[in-house]
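Visitor: Take a look at model25.txt, compact mmCIF, C-alpha atoms:
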```txt
# COMPACT_ATOMS: atom_id res chain seq x y z
CA MET N 18 39.40 -21.77 58.80
CA LYS N 19 36.53 -22.32 56.34
CA GLN N 20 37.58 -19.25 54.32
CA LYS N 21 41.18 -20.49 54.10
CA LEU N 22 40.00 -23.92 52.94
CA ILE N 23 37.91 -22.31 50.17
CA ILE N 24 40.86 -20.25 48.94
CA PHE N 25 43.09 -23.34 49.01
CA VAL N 26 40.61 -25.31 46.87
CA VAL N 27 40.39 -22.50 44.31
CA MET N 28 44.19 -22.16 44.10
CA LEU N 29 44.54 -25.93 43.67
CA ALA N 30 42.11 -25.86 40.73
CA LEU N 31 44.04 -23.03 39.09
CA LEU N 32 47.33 -24.91 39.31
CA MET N 33 45.99 -28.05 37.63
CA PRO N 34 46.35 -28.50 33.84
CA VAL N 35 43.94 -26.41 31.83
CA VAL N 36 42.35 -27.63 28.64
CA ASN N 37 41.72 -24.93 26.08
CA ALA N 38 38.09 -23.99 26.53
CA THR N 39 37.70 -22.49 23.09
CA PHE N 40 34.97 -24.35 21.24
CA GLY N 41 36.11 -26.38 18.26
CA GLN N 42 39.90 -26.14 18.80
CA THR N 43 40.33 -29.73 19.86
CA LYS N 44 39.06 -31.16 16.57
CA LYS N 45 39.55 -30.32 12.94
CA THR N 46 35.84 -30.39 12.21
CA THR N 47 33.57 -27.60 13.38
CA THR N 48 29.87 -27.18 14.03
CA THR N 49 27.64 -24.59 12.45
CA GLN N 50 24.68 -22.94 14.13
CA THR N 51 22.44 -25.65 12.76
CA GLY N 52 24.77 -28.38 13.93
CA LYS N 53 26.01 -29.38 10.47
CA LYS N 54 29.58 -30.60 10.12
CA THR N 55 31.94 -28.61 7.92
CA SER N 56 34.86 -31.03 7.91
CA GLY N 57 34.60 -31.60 4.18
CA LYS N 58 33.86 -35.34 4.50
CA SER N 59 32.33 -37.06 1.49
CA THR N 60 28.56 -37.50 1.39
CA LYS N 61 28.80 -40.42 -1.01
CA GLY N 62 26.29 -43.15 -0.35
CA LYS N 63 23.90 -41.03 1.69
CA THR N 64 20.21 -41.41 0.96
CA SER N 65 17.97 -38.57 -0.16
CA SER N 66 15.56 -36.79 2.15
CA LYS N 67 12.66 -38.75 0.63
CA GLY N 68 11.91 -42.47 0.77
CA LYS N 69 11.20 -44.69 -2.21
CA LYS N 70 7.51 -43.78 -2.20
CA GLY N 71 8.26 -40.06 -2.05
CA LYS N 72 7.45 -39.68 1.64
CA LYS N 73 9.64 -37.27 3.55
CA LYS N 74 11.74 -38.69 6.35
CA SER N 75 11.56 -37.08 9.76
CA LYS N 76 13.91 -34.16 10.34
CA LYS N 77 17.22 -35.22 11.84
CA GLU N 78 18.30 -33.83 15.17
CA PRO N 79 21.34 -31.50 15.17
CA ILE N 80 24.61 -33.40 15.48
CA VAL N 81 26.66 -32.70 18.60
CA GLU N 82 30.19 -32.40 17.25
CA MET N 83 32.05 -32.62 20.56
CA ASP N 84 31.87 -32.58 24.32
CA LEU N 85 32.89 -29.37 26.03
CA PRO N 86 36.28 -29.31 27.80
CA TYR N 87 36.13 -31.16 31.12
CA ASN N 88 37.09 -28.10 33.19
CA SER N 89 34.22 -25.96 31.88
CA ASN N 90 32.08 -27.34 34.70
CA ASP N 91 33.94 -24.89 36.98
CA CYS N 92 33.25 -21.15 36.71
CA LEU N 93 37.00 -20.46 36.73
CA PHE N 94 37.09 -21.91 33.20
CA ALA N 95 33.77 -20.59 31.89
CA ILE N 96 33.39 -20.50 28.11
CA ASP N 97 32.92 -17.10 26.50
CA ILE N 98 29.84 -16.73 24.31
CA GLN N 99 29.25 -13.92 21.83
CA PRO N 100 26.08 -11.79 21.63
CA ASP N 101 23.46 -12.93 19.10
CA VAL N 102 25.53 -15.99 18.10
CA VAL N 103 24.28 -19.54 18.71
CA PHE N 104 26.90 -21.64 20.52
CA GLY N 105 26.42 -25.35 19.94
CA PRO N 106 25.02 -27.92 19.87
CA VAL N 107 27.52 -29.18 22.46
CA LYS N 108 27.45 -31.65 25.31
CA SER N 109 28.12 -30.69 28.93
CA PRO N 110 31.12 -32.21 30.71
CA GLN N 111 30.46 -34.98 33.21
CA GLY N 112 30.11 -34.14 36.88
CA GLY N 113 30.12 -30.95 38.91
CA GLY N 114 33.80 -30.11 38.47
CA ARG N 115 36.70 -29.87 40.91
CA ILE N 116 34.92 -27.11 42.85
CA MET N 117 31.30 -27.32 43.93
CA GLU N 118 30.39 -23.66 43.61
CA ILE N 119 26.67 -24.28 44.11
CA GLN N 120 25.52 -25.28 47.60
CA ARG N 121 21.82 -24.88 48.34
CA ASP N 122 20.88 -23.92 51.90
CA ALA N 123 17.85 -22.60 53.76
CA LYS N 124 18.69 -18.98 52.85
CA ASN N 125 19.24 -19.83 49.15
CA PRO N 126 16.37 -22.09 48.02
CA HIS N 127 16.72 -21.07 44.35
CA LEU N 128 20.06 -22.84 43.81
CA PHE N 129 20.63 -26.29 42.31
CA GLU N 130 20.19 -28.91 45.00
CA VAL N 131 23.48 -30.41 43.86
CA GLU N 132 25.68 -29.99 40.77
CA HIS N 133 25.21 -32.91 38.36
CA ASN N 134 26.67 -32.23 34.91
CA THR N 135 27.22 -28.49 34.89
CA VAL N 136 28.74 -26.11 32.37
CA TRP N 137 29.62 -22.44 32.91
CA TYR N 138 29.39 -19.70 30.29
CA ARG N 139 30.68 -16.12 30.47
CA PHE N 140 28.97 -13.22 28.69
CA VAL N 141 30.19 -9.61 28.38
CA VAL N 142 27.39 -7.11 27.72
CA PRO N 143 28.02 -5.28 24.39
CA TYR N 144 25.55 -2.45 25.09
CA SER N 145 22.93 -1.53 27.66
CA GLY N 146 19.48 -3.10 27.47
CA LYS N 147 17.69 -6.21 28.74
CA LEU N 148 19.33 -9.63 28.77
CA TYR N 149 17.55 -12.43 26.91
CA LEU N 150 18.72 -16.05 26.88
CA ASP N 151 17.83 -19.06 24.73
CA ILE N 152 18.85 -22.57 25.86
CA THR N 153 17.74 -25.24 23.41
CA PRO N 154 18.21 -28.97 24.12
CA VAL N 155 18.91 -31.28 21.18
CA ASP N 156 16.30 -33.64 22.59
CA PRO N 157 13.22 -31.73 23.90
CA LYS N 158 12.84 -34.38 26.62
CA ASP N 159 16.13 -33.33 28.25
CA ASP N 160 15.54 -30.94 31.14
CA TYR N 161 18.11 -28.16 31.71
CA ASP N 162 18.12 -25.93 34.77
CA PHE N 163 20.07 -22.68 34.75
CA MET N 164 21.10 -19.69 36.85
CA VAL N 165 22.67 -16.34 35.96
CA TYR N 166 25.11 -14.49 38.24
CA LYS N 167 26.58 -11.01 37.90
CA TYR N 168 30.37 -10.97 38.20
CA THR N 169 31.66 -8.94 41.16
CA ASN N 170 35.44 -9.03 41.59
CA GLN N 171 38.46 -11.35 41.79
CA TYR N 172 36.87 -13.09 44.75
CA PHE N 173 33.81 -14.04 42.71
CA THR N 174 34.35 -17.82 43.01
CA ASN N 175 34.92 -17.64 46.76
CA SER N 176 31.73 -15.62 47.11
CA LEU N 177 29.81 -18.25 45.12
CA ILE N 178 31.03 -21.10 47.31
CA SER N 179 30.08 -19.29 50.50
CA ASN N 180 26.70 -18.19 49.06
CA LYS N 181 27.50 -14.50 49.44
CA ILE N 182 26.21 -13.90 45.91
CA LYS N 183 22.66 -14.70 44.85
CA PRO N 184 21.71 -15.45 41.24
CA ILE N 185 19.94 -12.68 39.32
CA VAL N 186 17.57 -15.29 37.85
CA ALA N 187 17.19 -19.03 38.40
CA ASN N 188 15.05 -21.61 36.64
CA LEU N 189 14.69 -25.08 38.15
CA SER N 190 11.42 -25.83 36.36
CA LEU N 191 10.19 -29.20 35.15
CA PRO N 192 10.27 -29.96 31.39
CA ASP N 193 7.62 -28.04 29.47
CA SER N 194 6.34 -29.68 26.32
CA ALA N 195 4.76 -26.42 25.13
CA ALA N 196 8.23 -24.87 24.90
CA LYS N 197 9.68 -28.01 23.28
CA GLY N 198 12.23 -28.33 26.05
CA CYS N 199 13.60 -24.80 25.58
CA VAL N 200 14.31 -22.64 28.62
CA GLY N 201 15.81 -19.21 29.08
CA ILE N 202 15.01 -15.56 29.65
CA SER N 203 12.20 -14.08 27.59
CA GLU N 204 9.36 -11.56 27.56
CA LYS N 205 7.17 -14.63 28.12
CA GLY N 206 8.67 -15.03 31.60
CA LYS N 207 6.59 -14.38 34.69
CA ALA N 208 9.19 -14.38 37.49
CA LYS N 209 12.94 -14.15 38.17
CA TYR N 210 12.99 -17.32 40.25
CA ILE N 211 11.17 -20.49 39.14
CA ASP N 212 11.27 -23.57 41.36
CA LYS N 213 10.93 -27.24 40.46
CA THR N 214 7.22 -27.45 41.25
CA VAL N 215 6.17 -25.58 38.07
CA THR N 216 6.76 -25.87 34.33
CA ASP N 217 7.41 -22.22 33.39
CA PRO N 218 10.33 -22.38 30.95
CA TYR N 219 11.28 -18.70 30.98
CA CYS N 220 12.48 -16.17 33.54
CA LEU N 221 11.84 -12.44 33.33
CA PRO N 222 14.43 -10.31 31.45
CA PHE N 223 16.49 -7.88 33.53
CA ASP N 224 18.43 -4.68 32.84
CA VAL N 225 22.14 -4.92 32.04
CA LYS N 226 24.73 -2.25 31.24
CA LEU N 227 27.58 -1.94 28.77
CA GLY N 228 30.70 -3.81 29.95
CA GLU N 229 29.04 -5.83 32.73
CA VAL N 230 29.98 -9.51 32.94
CA TYR N 231 27.52 -12.30 33.65
CA TYR N 232 28.08 -16.00 34.35
CA ILE N 233 25.48 -18.53 33.19
CA VAL N 234 25.55 -22.02 34.69
CA LEU N 235 23.57 -24.95 33.20
CA ASP N 236 22.82 -28.21 34.97
CA GLN N 237 21.50 -31.48 33.52
CA PRO N 238 20.99 -34.47 35.85
CA ASN N 239 21.35 -37.03 33.05
CA TYR N 240 24.80 -37.28 31.47
CA ALA N 241 23.19 -39.26 28.63
CA ALA N 242 21.44 -36.06 27.51
CA LYS N 243 22.09 -35.35 23.84
CA GLY N 244 23.40 -31.81 24.25
CA HIS N 245 22.26 -28.21 23.96
CA SER N 246 22.74 -24.85 22.25
CA ILE N 247 22.84 -21.45 23.94
CA LYS N 248 22.44 -17.87 22.71
CA ALA N 249 22.57 -14.62 24.70
CA ARG N 250 21.19 -11.37 23.30
CA ILE N 251 20.51 -7.83 24.42
CA HIS N 252 17.12 -6.30 23.71
CA VAL N 253 16.80 -2.54 23.24
CA GLU N 254 14.14 -0.27 21.81
CA SER N 255 15.71 -0.26 18.38
CA ILE N 256 15.36 1.97 15.32
CA LYS N 257 14.12 -0.07 12.35
CA PRO N 258 14.48 1.63 8.97
CA LYS N 259 13.19 -0.16 5.88
CA VAL N 260 16.09 -1.01 3.54
CA ILE N 261 15.66 -0.82 -0.23
CA ILE N 262 18.45 -1.66 -2.70
CA TYR N 263 17.48 0.36 -5.74
CA ASP N 264 18.56 0.11 -9.40
CA THR N 265 18.58 3.76 -10.52
CA LYS N 266 18.26 2.85 -14.20
CA GLU N 267 15.53 0.20 -14.04
CA LYS N 268 13.89 2.04 -11.11
CA LYS N 269 13.24 -1.11 -9.12
CA SER N 270 14.61 -3.07 -6.16
CA VAL N 271 17.38 -5.60 -6.80
CA PRO N 272 19.15 -8.19 -4.59
CA ALA N 273 22.77 -7.54 -3.69
CA GLU N 274 25.57 -8.71 -1.41
CA ILE N 275 25.62 -6.73 1.84
CA LEU N 276 27.63 -6.50 5.04
CA LEU N 277 26.39 -4.48 8.03
CA ILE N 278 28.84 -3.82 10.89
CA GLU N 279 28.11 -2.37 14.32
CA LYS N 280 31.12 -0.15 15.05
CA ASN N 281 30.33 0.52 18.74
CA THR N 282 30.88 -3.17 19.55
CA ASP N 283 34.32 -3.75 18.00
CA ASN N 284 32.93 -4.06 14.48
CA ARG N 285 30.49 -6.86 15.25
CA VAL N 286 28.94 -8.27 12.05
CA LEU N 287 25.14 -7.92 12.21
CA ILE N 288 24.13 -8.95 8.70
CA LYS N 289 26.09 -10.77 6.02
CA ASP N 290 24.05 -11.87 3.00
CA ASP N 291 25.13 -12.72 -0.56
CA ALA N 292 21.68 -11.97 -1.98
CA TYR N 293 19.91 -9.53 0.32
CA LYS N 294 16.54 -8.50 -1.10
CA GLY N 295 15.76 -5.69 1.31
CA GLY N 296 13.97 -5.66 4.62
CA TYR N 297 14.45 -3.98 7.99
CA PHE N 298 17.62 -3.21 9.96
CA SER N 299 17.43 -3.20 13.77
CA LEU N 300 19.73 -0.40 14.90
CA VAL N 301 20.65 0.72 18.41
CA PRO N 302 20.03 4.46 19.04
CA ASN N 303 23.23 6.55 19.05
CA PHE N 304 25.30 3.67 17.61
CA ASN N 305 27.54 3.99 14.54
CA TYR N 306 27.38 1.52 11.65
CA ALA N 307 29.23 0.70 8.44
CA LEU N 308 27.37 -0.72 5.45
CA TYR N 309 28.94 -2.34 2.37
CA VAL N 310 26.87 -3.25 -0.71
CA LYS N 311 28.21 -5.05 -3.80
CA LYS N 312 26.68 -6.37 -7.00
CA ASP N 313 28.26 -7.42 -10.29
CA GLY N 314 27.89 -4.74 -12.94
CA TYR N 315 27.21 -1.99 -10.37
CA PHE N 316 29.27 0.48 -8.38
CA SER N 317 29.80 -0.84 -4.87
CA VAL N 318 28.46 1.31 -2.03
CA TYR N 319 29.98 2.13 1.35
CA ARG N 320 28.04 4.09 3.95
CA ASP N 321 29.18 5.12 7.41
CA PHE N 322 26.21 6.35 9.47
CA ASN N 323 24.67 6.85 12.90
CA ALA N 324 21.40 5.12 13.79
CA ASN N 325 19.84 8.44 14.86
CA LEU N 326 19.76 9.41 11.19
CA PHE N 327 16.64 7.26 10.91
CA ARG N 328 14.68 8.62 13.85
CA GLN N 329 12.80 10.80 11.36
CA ASP N 330 13.49 9.08 8.04
CA SER N 331 12.20 5.51 8.17
CA VAL N 332 13.65 4.42 4.82
CA LEU N 333 17.25 3.66 3.88
CA ARG N 334 17.44 3.61 0.09
CA ILE N 335 20.73 2.39 -1.34
CA ASN N 336 21.08 3.61 -4.91
CA MET N 337 22.95 1.14 -7.10
CA ASN N 338 24.40 2.76 -10.23
CA ARG N 339 25.24 0.55 -13.18
CA ILE N 340 28.78 0.55 -14.54
CA GLU N 341 27.90 1.62 -18.08
CA LYS N 342 29.20 4.21 -20.49
CA GLY N 343 27.14 7.38 -20.25
CA VAL N 344 26.03 6.99 -16.62
CA LYS N 345 26.10 10.42 -14.94
CA PHE N 346 26.56 11.61 -11.34
CA GLN N 347 25.51 15.21 -10.65
CA ILE N 348 27.01 16.85 -7.56
CA SER N 349 25.65 20.03 -5.99
CA GLN N 350 26.93 19.97 -2.39
CA ILE N 351 30.48 21.25 -3.08
CA TYR N 352 31.87 24.73 -2.57
CA PHE N 353 34.50 26.93 -4.26
CA GLU N 354 36.44 30.04 -3.27
CA GLU N 355 38.69 32.56 -5.03
CA ALA N 356 36.51 33.50 -8.00
CA GLY N 357 34.70 30.16 -7.74
CA THR N 358 37.43 27.79 -8.90
CA VAL N 359 39.31 26.58 -5.78
CA LEU N 360 37.68 23.82 -3.74
CA MET N 361 36.87 24.55 -0.10
CA LYS N 362 37.44 22.01 2.68
CA GLU N 363 33.69 21.67 3.15
CA SER N 364 33.62 19.79 -0.17
CA ASP N 365 35.93 16.99 0.96
CA SER N 366 33.37 14.67 2.52
CA ILE N 367 31.03 14.50 -0.48
CA LEU N 368 33.87 14.18 -2.98
CA MET N 369 35.47 11.36 -0.98
CA ILE N 370 32.32 9.31 -1.54
CA TYR N 371 33.02 9.44 -5.28
CA VAL N 372 36.74 8.89 -4.83
CA GLN N 373 35.95 5.66 -2.99
CA LYS N 374 33.38 4.71 -5.62
CA PHE N 375 35.92 4.95 -8.47
CA MET N 376 38.77 3.57 -6.36
CA ASN N 377 36.82 0.32 -6.02
CA HIS N 378 36.39 0.11 -9.81
CA PRO N 379 39.76 0.79 -11.48
CA GLU N 380 38.39 -0.37 -14.84
CA VAL N 381 36.22 2.74 -15.13
CA SER N 382 37.34 5.98 -16.83
CA PHE N 383 35.31 9.17 -16.56
CA ASN N 384 34.91 12.84 -17.43
CA ILE N 385 34.51 15.66 -14.90
CA LYS N 386 32.48 18.59 -16.20
CA GLY N 387 32.25 21.89 -14.32
CA TYR N 388 29.17 24.12 -14.15
CA VAL N 389 28.35 27.68 -13.06
CA THR N 390 25.04 29.44 -12.40
CA THR N 391 25.03 32.45 -14.70
CA TYR N 392 22.99 35.11 -16.54
CA GLY N 393 25.42 34.82 -19.47
CA PHE N 394 26.86 38.35 -19.39
CA ASP N 395 30.43 37.06 -19.95
CA VAL N 396 30.26 33.74 -21.77
CA ASP N 397 34.03 33.33 -22.11
CA ALA N 398 34.57 33.91 -18.36
CA ASP N 399 31.82 31.43 -17.52
CA MET N 400 33.34 28.80 -19.79
CA GLU N 401 36.75 29.31 -18.20
CA THR N 402 35.38 29.19 -14.61
CA SER N 403 33.45 25.98 -15.27
CA LEU N 404 36.58 24.33 -16.73
CA GLU N 405 38.74 25.42 -13.78
CA ARG N 406 36.19 23.93 -11.39
CA ALA N 407 36.49 20.59 -13.20
CA LYS N 408 40.28 20.80 -12.99
CA SER N 409 40.10 21.47 -9.24
CA VAL N 410 37.97 18.37 -8.71
CA LYS N 411 40.28 16.28 -10.89
CA GLU N 412 43.24 17.46 -8.78
CA PHE N 413 41.37 16.34 -5.65
CA PHE N 414 40.70 12.90 -7.15
CA VAL N 415 44.33 12.41 -8.23
CA LYS N 416 45.63 13.60 -4.85
CA ASN N 417 43.44 10.95 -3.18
CA GLY N 418 44.61 8.02 -5.27
CA ILE N 419 42.74 7.98 -8.59
CA GLU N 420 45.00 7.55 -11.64
CA GLU N 421 45.19 10.75 -13.68
CA SER N 422 44.99 8.76 -16.92
CA ARG N 423 41.42 7.72 -16.07
CA ILE N 424 40.13 11.30 -15.87
CA THR N 425 39.29 13.88 -18.51
CA VAL N 426 37.84 17.34 -17.83
CA SER N 427 35.51 19.75 -19.59
CA GLY N 428 33.60 22.96 -18.97
CA MET N 429 30.29 24.38 -20.10
CA SER N 430 29.69 25.02 -23.77
CA LYS N 431 28.10 28.21 -25.11
CA ALA N 432 24.84 26.25 -25.50
CA ASP N 433 25.02 25.18 -21.84
CA ILE N 434 25.49 28.79 -20.72
CA LYS N 435 22.62 30.02 -22.89
CA LYS N 436 20.29 27.39 -21.45
CA THR N 437 21.27 28.26 -17.87
CA SER N 438 20.87 32.02 -18.45
CA ASN N 439 17.39 31.49 -19.94
CA GLU N 440 16.37 29.52 -16.85
CA MET N 441 17.66 32.33 -14.63
CA ILE N 442 15.80 35.03 -16.57
CA LYS N 443 12.53 33.07 -16.57
CA LYS N 444 13.01 32.42 -12.86
CA ASP N 445 12.42 28.74 -13.44
CA GLU N 446 13.84 26.23 -10.99
CA VAL N 447 17.55 26.50 -11.72
CA LYS N 448 19.68 23.41 -11.32
CA THR N 449 22.52 24.01 -8.89
CA VAL N 450 24.75 21.27 -10.31
CA LYS N 451 28.38 22.32 -9.93
CA ILE N 452 30.09 19.15 -11.12
CA GLU N 453 28.89 16.33 -13.37
CA ILE N 454 30.82 13.06 -13.62
CA THR N 455 30.14 10.91 -16.68
CA ILE N 456 31.49 7.40 -17.32
CA THR N 457 33.41 7.44 -20.59
CA GLY N 458 34.79 3.91 -20.63
CA THR N 459 34.60 0.56 -18.89
CA GLN N 460 35.98 -2.91 -19.29
CA ILE N 461 32.79 -4.51 -17.99
CA ILE N 462 31.31 -6.79 -20.69
CA LYS N 463 27.60 -6.32 -21.23
```
Translate this structure into structure tokens?

Guide:
Amino acid sequence: MKQKLIIFVVMLALLMPVVNATFGQTKKTTTTQTGKKTSGKSTKGKTSSKGKKGKKKSKKEPIVEMDLPYNSNDCLFAIDIQPDVVFGPVKSPQGGGRIMEIQRDAKNPHLFEVEHNTVWYRFVVPYSGKLYLDITPVDPKDDYDFMVYKYTNQYFTNSLISNKIKPIVANLSLPDSAAKGCVGISEKGKAKYIDKTVTDPYCLPFDVKLGEVYYIVLDQPNYAAKGHSIKARIHVESIKPKVIIYDTKEKKSVPAEILLIEKNTDNRVLIKDDAYKGGYFSLVPNFNYALYVKKDGYFSVYRDFNANLFRQDSVLRINMNRIEKGVKFQISQIYFEEAGTVLMKESDSILMIYVQKFMNHPEVSFNIKGYVTTYGFDVDADMETSLERAKSVKEFFVKNGIEESRITVSGMSKADIKKTSNEMIKKDEVKTVKIEITITGTQIIK
């Protein structure tokens, strides 16, 4: 009879009107991670951050833009939060919801004694690691308790009500001034379950796996509380290469606009910066990434790579080439067949890097010059072979979308062949350049 009553209550809640639980859709204004409004309202008449005597005013608390939807105090309508993204500040709905999922008993002493003003969040694990959680009250005096449950199946809510599922972690601690009111899951934690007799703000992290779903429930006894923010993140033993954006002409680091995307998690944006000056990337082993770098007056850069590339090499240097007449790109890692003039498939990947480079800058025209490694026994044949190599590369560029009118071709001169043959005879270090691309024109104003 009790089981039937539970199912009836859940079904009744599902049939009632549902308010869209997506944050920010019920108002035109939105809230940033720092709580600032972005509604475009005028700031006319606002005072400066300093008083008349030059003294700084105290820092304002983040503004809570809106209350959460009323039904988010039931786990059936939990709000999805994204990894590594701060959600809030927001204010919990009033009351414990239509369904009281949490019912403390003698066998479950780590649960809330009663639901006051609860809110449920849902988090899908993007990759395996340890779960960390940051819950930050707007007012450090406000005390938030929380619990985390692992989702089981379609009967999850029923199992909660009947206490068949225990929380993975639970924190019912008293406010802790040392943590400025913050609670969560951190390496600073000492236990998975913290009761109301202590002030430990953090629980121990625990292992989670890709695709698992967790429900986080917050409780605040005082509805007058000013609100909170929440962020979930996964900690892994990451690979951290040092990133340098390098001007190849000035031979120094320069700031640039970058975008780093984690492809294994549905192209999640990790870094987006209009003036990135270099630093360290935290990469997940075995994950694939896409990196875009742009700067006015330079060729933009796109790199598609796997994090394991930096297990040995700890530096990621991004060479930024200026868009100037006379700038050269020397290419060695391409291969020819049939008397050394027809491109082999193994050359496609390296040449596509340059196709993309010039595709992104249609204002640039350039020359492709072919080279051969020779002792100079047949100068005319060498000159012809080097020119045919250039033509083959031009054909590849045109086939892949570069306008033919932007490209000229040339081969080695007699002086080039003589220089190469002398290097071969003297057994000096011979350059293995097979193609050289030189910018011949640009519309960029210097």

Visitor: Provide the CA of Arg139 (chain N) to CA of Ile98 (chain N) distance in Å, to one decimal place.

Guide: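 CA of Arg139 (chain N) sits 6.2 Å away from CA of Ile98 (chain N).
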
Visitor: Rank N:Val136, N:Ala249, N:Ile288, N:Val260 by their smallest atom-to-atom distance to Glu118 (chain N), using all atoms listed in the file, and report the top residue only.

Guide: N:Val136

Visitor: Residues near Val271 (chain N), anyone? I mean within 7 Å using all atoms listed in the file, not counting same-chain ones fewer than 6 positions away, as a PyMOL selection string.

Guide: chain N and resi 262-264+294

Visitor: Would you mind exporting C-alpha atoms of the selected residues as a PDB file, in the frame of the given file?

Guide:
```pdb
ATOM      1  CA  ILE N 262      18.450  -1.660  -2.700  1.00  0.00           C
ATOM      2  CA  TYR N 263      17.480   0.360  -5.740  1.00  0.00           C
ATOM      3  CA  ASP N 264      18.560   0.110  -9.400  1.00  0.00           C
ATOM      4  CA  LYS N 294      16.540  -8.500  -1.100  1.00  0.00           C
TER       5      LYS N 294
END
```

Visitor: Point out the residue among N:Gly357, N:Pro154, N:Pro258, N:Gly393 with the least atom-to-atom distance to Pro302 (chain N), counting only C-alpha atoms.

Guide: N:Pro258

Visitor: With only C-alpha atoms as the basis for distance, which of N:Glu267, N:Asp162, N:Glu453, N:Asp101 is at the shortest distance from Phe140 (chain N)?

Guide: N:Asp101

Visitor: CA of Tyr319 (chain N) to CA of Pro143 (chain N): how many Å, to one decimal?

Guide: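 Computing the Euclidean distance for CA of Tyr319 (chain N) and CA of Pro143 (chain N) yields 24.3 Å.
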
Visitor: Looking at N:Tyr232, N:Tyr87, N:Tyr293, N:Tyr149, which one is nearest to Lys205 (chain N), with distances taken over all atoms listed in the file?

Guide: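 Closest residue, counting all atoms listed in the file: N:Tyr149.
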
Visitor: Between N:Val286, N:Leu333, N:Val253, N:Ile96, which has the minimum distance to Val301 (chain N) (counting all atoms listed in the file)?

Guide: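 The answer is N:Val253, which sits nearest to Val301 (chain N).
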
Visitor: Env of Val372 (chain N): 8 Å cut, atoms = all atoms listed in the file, seq-sep filter 4 positions within chain, self excluded. Answer as a ChimeraX atom specification.

Guide: /N:368,376,414,417-419

Visitor: What's the separation between CA of Gly146 (chain N) and CA of Phe129 (chain N), in Å to one decimal place?

Guide: 27.6 Å

Visitor: Please provide the set of residues having any atom within 9 Å of Ile370 (chain N), restricted to all atoms listed in the file, with same-chain residues fewer than 3 positions apart removed, written as a VMD selection string.

Guide: chain N and resid 318 to 320 365 to 367 373 to 375

Visitor: Counting only C-alpha atoms, select every polymer residue within 7 Å of (21.5, -4.9, 8.5) as defined in the file's coordinates, and provide the selection as a tab-separated table (two decimals) with C-alpha atoms, in the coordinates of the input.

Guide:
```tsv
chain	number	residue	atom	x	y	z
N	277	LEU	CA	26.39	-4.48	8.03
N	287	LEU	CA	25.14	-7.92	12.21
N	288	ILE	CA	24.13	-8.95	8.70
N	298	PHE	CA	17.62	-3.21	9.96
N	299	SER	CA	17.43	-3.20	13.77
```

Visitor: Around the point (20.1, -31.1, 44.7) (coordinates from the file), which residues reach within 10 Å if we count all atoms listed in the file? Answer as a PyMOL selection string.

Guide: chain N and resi 119-121+128-133+238

Visitor: Using all atoms listed in the file, determine which residues lie at most 7 Å from region 421-429 of chain N, disregarding the query and same-chain residues fewer than 2 positions distant; provide the list as a list in words.

Guide: Ser382, Phe383, Asn384, Ile385, Lys386, Gly387, Tyr388, Met400, Ser403, Leu404, Ala407, Lys408, Val415, Ile419, Lys431, Asp433 and Ile434 of chain N

Visitor: Pick out the closest residue to Pro110 (chain N) from this set: N:Tyr315, N:Phe353, N:Tyr210, N:Tyr240. Count all atoms listed in the file.

Guide: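 Selected residue with least distance to Pro110 (chain N): N:Tyr240.
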
Visitor: Please define a box with edges along x, y and z of the file around all atoms of region 142-151 of chain N given in the file, extend it by 8 Å on each side, and return its centre and edge lengths in Å to one decimal, as lines of an AutoDock Vina configuration file.

Guide:
```
center_x = 22.8
center_y = -10.3
center_z = 26.6
size_x = 26.5
size_y = 33.5
size_z = 20.4
```

Visitor: Tell me, as a count of residues only, which residues lie within 7 Å of Ser145 (chain N), counting all atoms listed in the file; anything in the same chain fewer than 6 positions away does not count.

Guide: 3
